[in-house]
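One structure is given below, encoded as structure tokens.
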Amino acid sequence: MSRYLLDTRVLLWWLAGPSELSTEARQVIADGATVVFASAAAAWEMAIKKTLGRLEFPGNLDDVLRDGRIDVLPITLAHALAVADLPLHHRDPFDRVLVAQARLEGLVLVTRDAKIAAYDLDVLPA
């Protein structure tokens, strides 16, 4: 069974209404047999943008994710250190952590970011 990690934009689209997502991405995320993760890095990025007044998201994000069967993937020391081994295809630190997490955990990264597709990992186009 494949396991999936949502990038920040995909998570936001899913929370707001998945019409922005590809049909395949919507089906994968909605499938009750699929294991789907949101990274703590995505929540961190969202919190920073909320503080800057550039983003709104549910205050009860934990509950919303749990109700949507989306597991939270913490950032471990191994994830953080693995960022140093990545080529500089992407300079966004949050996306680099997501790539490291997907690679170390054997997850398919759901994204629409073309720069991420340059890394050696499985990607599901969002």
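Note on naming: chains are A, B, ... as they come in the structure tokens, residues start from 1 per chain, ligands start from 1 in the order shown.
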* Asked: Could you pull the residues within 10 Å of range 1-7 of chain A, counting only C-alpha atoms, minus those fewer than 3 positions along the same chain, as a VMD selection string?
  -> chain A and resid 10 to 12 14 25 28 to 29 33 to 39 41 to 42 70 to 73 94 to 95 98 to 99 101 to 102 105 to 113 122 to 124 126
Would you export the selected residues with C-alpha atoms as a PDB file, in the first residue's frame, please?
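Dumped to part.pdb:
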```
ATOM      1  CA  VAL A  10      -2.066  20.551  -1.437  1.00  0.00           C
ATOM      2  CA  LEU A  11      -3.050  20.419   2.227  1.00  0.00           C
ATOM      3  CA  LEU A  12      -4.538  23.913   2.012  1.00  0.00           C
ATOM      4  CA  TRP A  14      -7.774  19.872   0.506  1.00  0.00           C
ATOM      5  CA  ALA A  25      -4.994  13.328  -5.985  1.00  0.00           C
ATOM      6  CA  VAL A  28      -6.040   9.073  -3.253  1.00  0.00           C
ATOM      7  CA  ILE A  29      -6.613  11.459  -0.342  1.00  0.00           C
ATOM      8  CA  ALA A  33      -7.561   2.653   2.722  1.00  0.00           C
ATOM      9  CA  THR A  34      -4.844   5.195   1.878  1.00  0.00           C
ATOM     10  CA  VAL A  35      -2.424   6.423   4.534  1.00  0.00           C
ATOM     11  CA  VAL A  36      -2.064  10.201   4.158  1.00  0.00           C
ATOM     12  CA  PHE A  37       0.305  12.460   6.097  1.00  0.00           C
ATOM     13  CA  ALA A  38       0.636  16.187   6.632  1.00  0.00           C
ATOM     14  CA  SER A  39       4.037  17.266   7.853  1.00  0.00           C
ATOM     15  CA  ALA A  41       6.692  21.440   8.488  1.00  0.00           C
ATOM     16  CA  ALA A  42       3.509  22.311   6.571  1.00  0.00           C
ATOM     17  CA  ILE A  70      -4.678  12.710   7.810  1.00  0.00           C
ATOM     18  CA  ASP A  71      -1.850  11.745  10.146  1.00  0.00           C
ATOM     19  CA  VAL A  72       0.694  14.310  11.310  1.00  0.00           C
ATOM     20  CA  LEU A  73       4.295  13.480  10.436  1.00  0.00           C
ATOM     21  CA  PHE A  94       9.875  23.809   4.084  1.00  0.00           C
ATOM     22  CA  ASP A  95       9.782  22.038   0.725  1.00  0.00           C
ATOM     23  CA  LEU A  98       9.100  17.614   2.882  1.00  0.00           C
ATOM     24  CA  VAL A  99      11.380  16.064   0.263  1.00  0.00           C
ATOM     25  CA  GLN A 101      10.711  13.272   4.884  1.00  0.00           C
ATOM     26  CA  ALA A 102       9.210  11.651   1.789  1.00  0.00           C
ATOM     27  CA  GLU A 105       9.833   7.511   5.084  1.00  0.00           C
ATOM     28  CA  GLY A 106       9.175   6.021   1.621  1.00  0.00           C
ATOM     29  CA  LEU A 107       6.233   8.333   0.968  1.00  0.00           C
ATOM     30  CA  VAL A 108       4.795   9.579  -2.308  1.00  0.00           C
ATOM     31  CA  LEU A 109       4.817  13.389  -2.208  1.00  0.00           C
ATOM     32  CA  VAL A 110       1.602  14.947  -3.514  1.00  0.00           C
ATOM     33  CA  THR A 111       2.559  18.268  -5.088  1.00  0.00           C
ATOM     34  CA  ARG A 112       2.198  20.550  -8.059  1.00  0.00           C
ATOM     35  CA  ASP A 113       5.656  22.063  -7.535  1.00  0.00           C
ATOM     36  CA  ASP A 122       7.935   9.364  -6.035  1.00  0.00           C
ATOM     37  CA  VAL A 123       5.577  12.255  -6.789  1.00  0.00           C
ATOM     38  CA  LEU A 124       1.839  12.311  -7.397  1.00  0.00           C
ATOM     39  CA  ALA A 126      -1.684  17.450  -7.576  1.00  0.00           C
TER      40      ALA A 126
END
```
Please provide the set of residues having any atom within 9 Å of range 47-62 of chain A, restricted to only C-alpha atoms, with same-chain residues fewer than 2 positions apart removed, written as an mmCIF file with N, CA and C atoms, in the first residue's frame.
```cif
data_model
loop_
_atom_site.group_PDB
_atom_site.id
_atom_site.type_symbol
_atom_site.label_atom_id
_atom_site.label_comp_id
_atom_site.auth_asym_id
_atom_site.auth_seq_id
_atom_site.Cartn_x
_atom_site.Cartn_y
_atom_site.Cartn_z
ATOM 1 N N LEU A 12 -3.627 22.759 1.971
ATOM 2 C CA LEU A 12 -4.538 23.913 2.012
ATOM 3 C C LEU A 12 -5.690 23.742 1.030
ATOM 4 N N LEU A 15 -8.148 21.258 2.472
ATOM 5 C CA LEU A 15 -8.927 21.824 3.567
ATOM 6 C C LEU A 15 -9.986 22.799 3.072
ATOM 7 N N ALA A 16 -9.663 23.560 2.022
ATOM 8 C CA ALA A 16 -10.574 24.586 1.518
ATOM 9 C C ALA A 16 -11.634 24.029 0.580
ATOM 10 N N ALA A 42 4.595 21.597 7.243
ATOM 11 C CA ALA A 42 3.509 22.311 6.571
ATOM 12 C C ALA A 42 2.749 23.182 7.573
ATOM 13 N N ALA A 43 2.479 22.638 8.750
ATOM 14 C CA ALA A 43 1.787 23.420 9.782
ATOM 15 C C ALA A 43 2.647 24.607 10.211
ATOM 16 N N TRP A 44 3.940 24.403 10.310
ATOM 17 C CA TRP A 44 4.865 25.474 10.675
ATOM 18 C C TRP A 44 4.830 26.586 9.616
ATOM 19 N N GLU A 45 4.908 26.189 8.350
ATOM 20 C CA GLU A 45 4.835 27.168 7.263
ATOM 21 C C GLU A 45 3.509 27.917 7.283
ATOM 22 N N VAL A 64 -9.331 18.806 12.608
ATOM 23 C CA VAL A 64 -9.693 18.726 11.187
ATOM 24 C C VAL A 64 -8.883 17.632 10.495
ATOM 25 N N LEU A 65 -7.591 17.575 10.782
ATOM 26 C CA LEU A 65 -6.757 16.535 10.185
ATOM 27 C C LEU A 65 -7.177 15.150 10.668
ATOM 28 N N ARG A 66 -7.401 15.022 11.956
ATOM 29 C CA ARG A 66 -7.809 13.723 12.506
ATOM 30 C C ARG A 66 -9.138 13.276 11.900
ATOM 31 N N ASP A 67 -10.100 14.194 11.804
ATOM 32 C CA ASP A 67 -11.400 13.860 11.217
ATOM 33 C C ASP A 67 -11.272 13.484 9.742
ATOM 34 N N VAL A 72 -0.365 13.297 11.251
ATOM 35 C CA VAL A 72 0.694 14.310 11.310
ATOM 36 C C VAL A 72 2.038 13.603 11.368
#
```
Picked from chain A by DSSP as helix (DSSP H, G or I), as a ChimeraX atom specification:
/A:8-16,18-20,23-30,40-51,61-67,77-85,93-105,116-118
Only C-alpha atoms, please: the residues just picked out, written as a PDB file, in the first residue's frame.
```pdb
ATOM      1  CA  THR A   8       1.570  22.602   2.093  1.00  0.00           C
ATOM      2  CA  ARG A   9      -0.372  23.923  -0.885  1.00  0.00           C
ATOM      3  CA  VAL A  10      -2.066  20.551  -1.437  1.00  0.00           C
ATOM      4  CA  LEU A  11      -3.050  20.419   2.227  1.00  0.00           C
ATOM      5  CA  LEU A  12      -4.538  23.913   2.012  1.00  0.00           C
ATOM      6  CA  TRP A  13      -6.463  23.028  -1.153  1.00  0.00           C
ATOM      7  CA  TRP A  14      -7.774  19.872   0.506  1.00  0.00           C
ATOM      8  CA  LEU A  15      -8.927  21.824   3.567  1.00  0.00           C
ATOM      9  CA  ALA A  16     -10.574  24.586   1.518  1.00  0.00           C
ATOM     10  CA  PRO A  18     -10.412  19.900  -3.154  1.00  0.00           C
ATOM     11  CA  SER A  19     -11.621  21.226  -6.516  1.00  0.00           C
ATOM     12  CA  GLU A  20      -8.123  22.647  -7.195  1.00  0.00           C
ATOM     13  CA  THR A  23      -8.863  13.865  -9.889  1.00  0.00           C
ATOM     14  CA  GLU A  24      -6.214  11.296  -8.968  1.00  0.00           C
ATOM     15  CA  ALA A  25      -4.994  13.328  -5.985  1.00  0.00           C
ATOM     16  CA  ARG A  26      -8.571  13.799  -4.715  1.00  0.00           C
ATOM     17  CA  GLN A  27      -9.257  10.076  -5.033  1.00  0.00           C
ATOM     18  CA  VAL A  28      -6.040   9.073  -3.253  1.00  0.00           C
ATOM     19  CA  ILE A  29      -6.613  11.459  -0.342  1.00  0.00           C
ATOM     20  CA  ALA A  30     -10.280  10.510   0.025  1.00  0.00           C
ATOM     21  CA  ALA A  40       4.611  19.359  10.935  1.00  0.00           C
ATOM     22  CA  ALA A  41       6.692  21.440   8.488  1.00  0.00           C
ATOM     23  CA  ALA A  42       3.509  22.311   6.571  1.00  0.00           C
ATOM     24  CA  ALA A  43       1.787  23.420   9.782  1.00  0.00           C
ATOM     25  CA  TRP A  44       4.865  25.474  10.675  1.00  0.00           C
ATOM     26  CA  GLU A  45       4.835  27.168   7.263  1.00  0.00           C
ATOM     27  CA  MET A  46       1.100  27.815   7.567  1.00  0.00           C
ATOM     28  CA  ALA A  47       1.524  29.311  11.041  1.00  0.00           C
ATOM     29  CA  ILE A  48       4.218  31.712   9.793  1.00  0.00           C
ATOM     30  CA  LYS A  49       2.017  32.843   6.903  1.00  0.00           C
ATOM     31  CA  LYS A  50      -0.949  33.267   9.257  1.00  0.00           C
ATOM     32  CA  THR A  51       1.167  35.475  11.519  1.00  0.00           C
ATOM     33  CA  LEU A  61      -6.264  22.010  12.640  1.00  0.00           C
ATOM     34  CA  ASP A  62      -5.469  18.929  14.759  1.00  0.00           C
ATOM     35  CA  ASP A  63      -9.145  17.976  14.867  1.00  0.00           C
ATOM     36  CA  VAL A  64      -9.693  18.726  11.187  1.00  0.00           C
ATOM     37  CA  LEU A  65      -6.757  16.535  10.185  1.00  0.00           C
ATOM     38  CA  ARG A  66      -7.809  13.723  12.506  1.00  0.00           C
ATOM     39  CA  ASP A  67     -11.400  13.860  11.217  1.00  0.00           C
ATOM     40  CA  LEU A  77      16.465  14.861  13.639  1.00  0.00           C
ATOM     41  CA  ALA A  78      17.037  12.414  10.765  1.00  0.00           C
ATOM     42  CA  HIS A  79      14.646  14.415   8.557  1.00  0.00           C
ATOM     43  CA  ALA A  80      16.394  17.679   9.406  1.00  0.00           C
ATOM     44  CA  LEU A  81      19.862  16.270   8.754  1.00  0.00           C
ATOM     45  CA  ALA A  82      18.798  14.628   5.475  1.00  0.00           C
ATOM     46  CA  VAL A  83      18.126  18.092   4.040  1.00  0.00           C
ATOM     47  CA  ALA A  84      21.909  18.579   3.835  1.00  0.00           C
ATOM     48  CA  ASP A  85      22.160  15.645   1.407  1.00  0.00           C
ATOM     49  CA  PRO A  93      13.374  25.188   3.489  1.00  0.00           C
ATOM     50  CA  PHE A  94       9.875  23.809   4.084  1.00  0.00           C
ATOM     51  CA  ASP A  95       9.782  22.038   0.725  1.00  0.00           C
ATOM     52  CA  ARG A  96      13.269  20.653   1.317  1.00  0.00           C
ATOM     53  CA  VAL A  97      12.123  19.147   4.636  1.00  0.00           C
ATOM     54  CA  LEU A  98       9.100  17.614   2.882  1.00  0.00           C
ATOM     55  CA  VAL A  99      11.380  16.064   0.263  1.00  0.00           C
ATOM     56  CA  ALA A 100      13.675  14.677   2.964  1.00  0.00           C
ATOM     57  CA  GLN A 101      10.711  13.272   4.884  1.00  0.00           C
ATOM     58  CA  ALA A 102       9.210  11.651   1.789  1.00  0.00           C
ATOM     59  CA  ARG A 103      12.524  10.063   0.870  1.00  0.00           C
ATOM     60  CA  LEU A 104      13.353   8.760   4.346  1.00  0.00           C
ATOM     61  CA  GLU A 105       9.833   7.511   5.084  1.00  0.00           C
ATOM     62  CA  ILE A 116      10.201  19.006  -6.355  1.00  0.00           C
ATOM     63  CA  ALA A 117       9.832  16.625  -9.297  1.00  0.00           C
ATOM     64  CA  ALA A 118      13.575  17.124  -9.947  1.00  0.00           C
TER      65      ALA A 118
END
```
- Task: Among the residues of range 61-117 of chain A, find those DSSP assigns to strand (DSSP E) from the backbone and print them as a PyMOL selection string.
- Result: chain A and resi 70-73+108-111
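Distance-wise, CA of Pro125 in chain A and CA of Ser22 in chain A end up 7.3 Å apart.
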With distances taken over only C-alpha atoms, the candidate from A:Thr76, A:Lys115, A:Asp120, A:Gly68 nearest Arg91 in chain A is A:Lys115
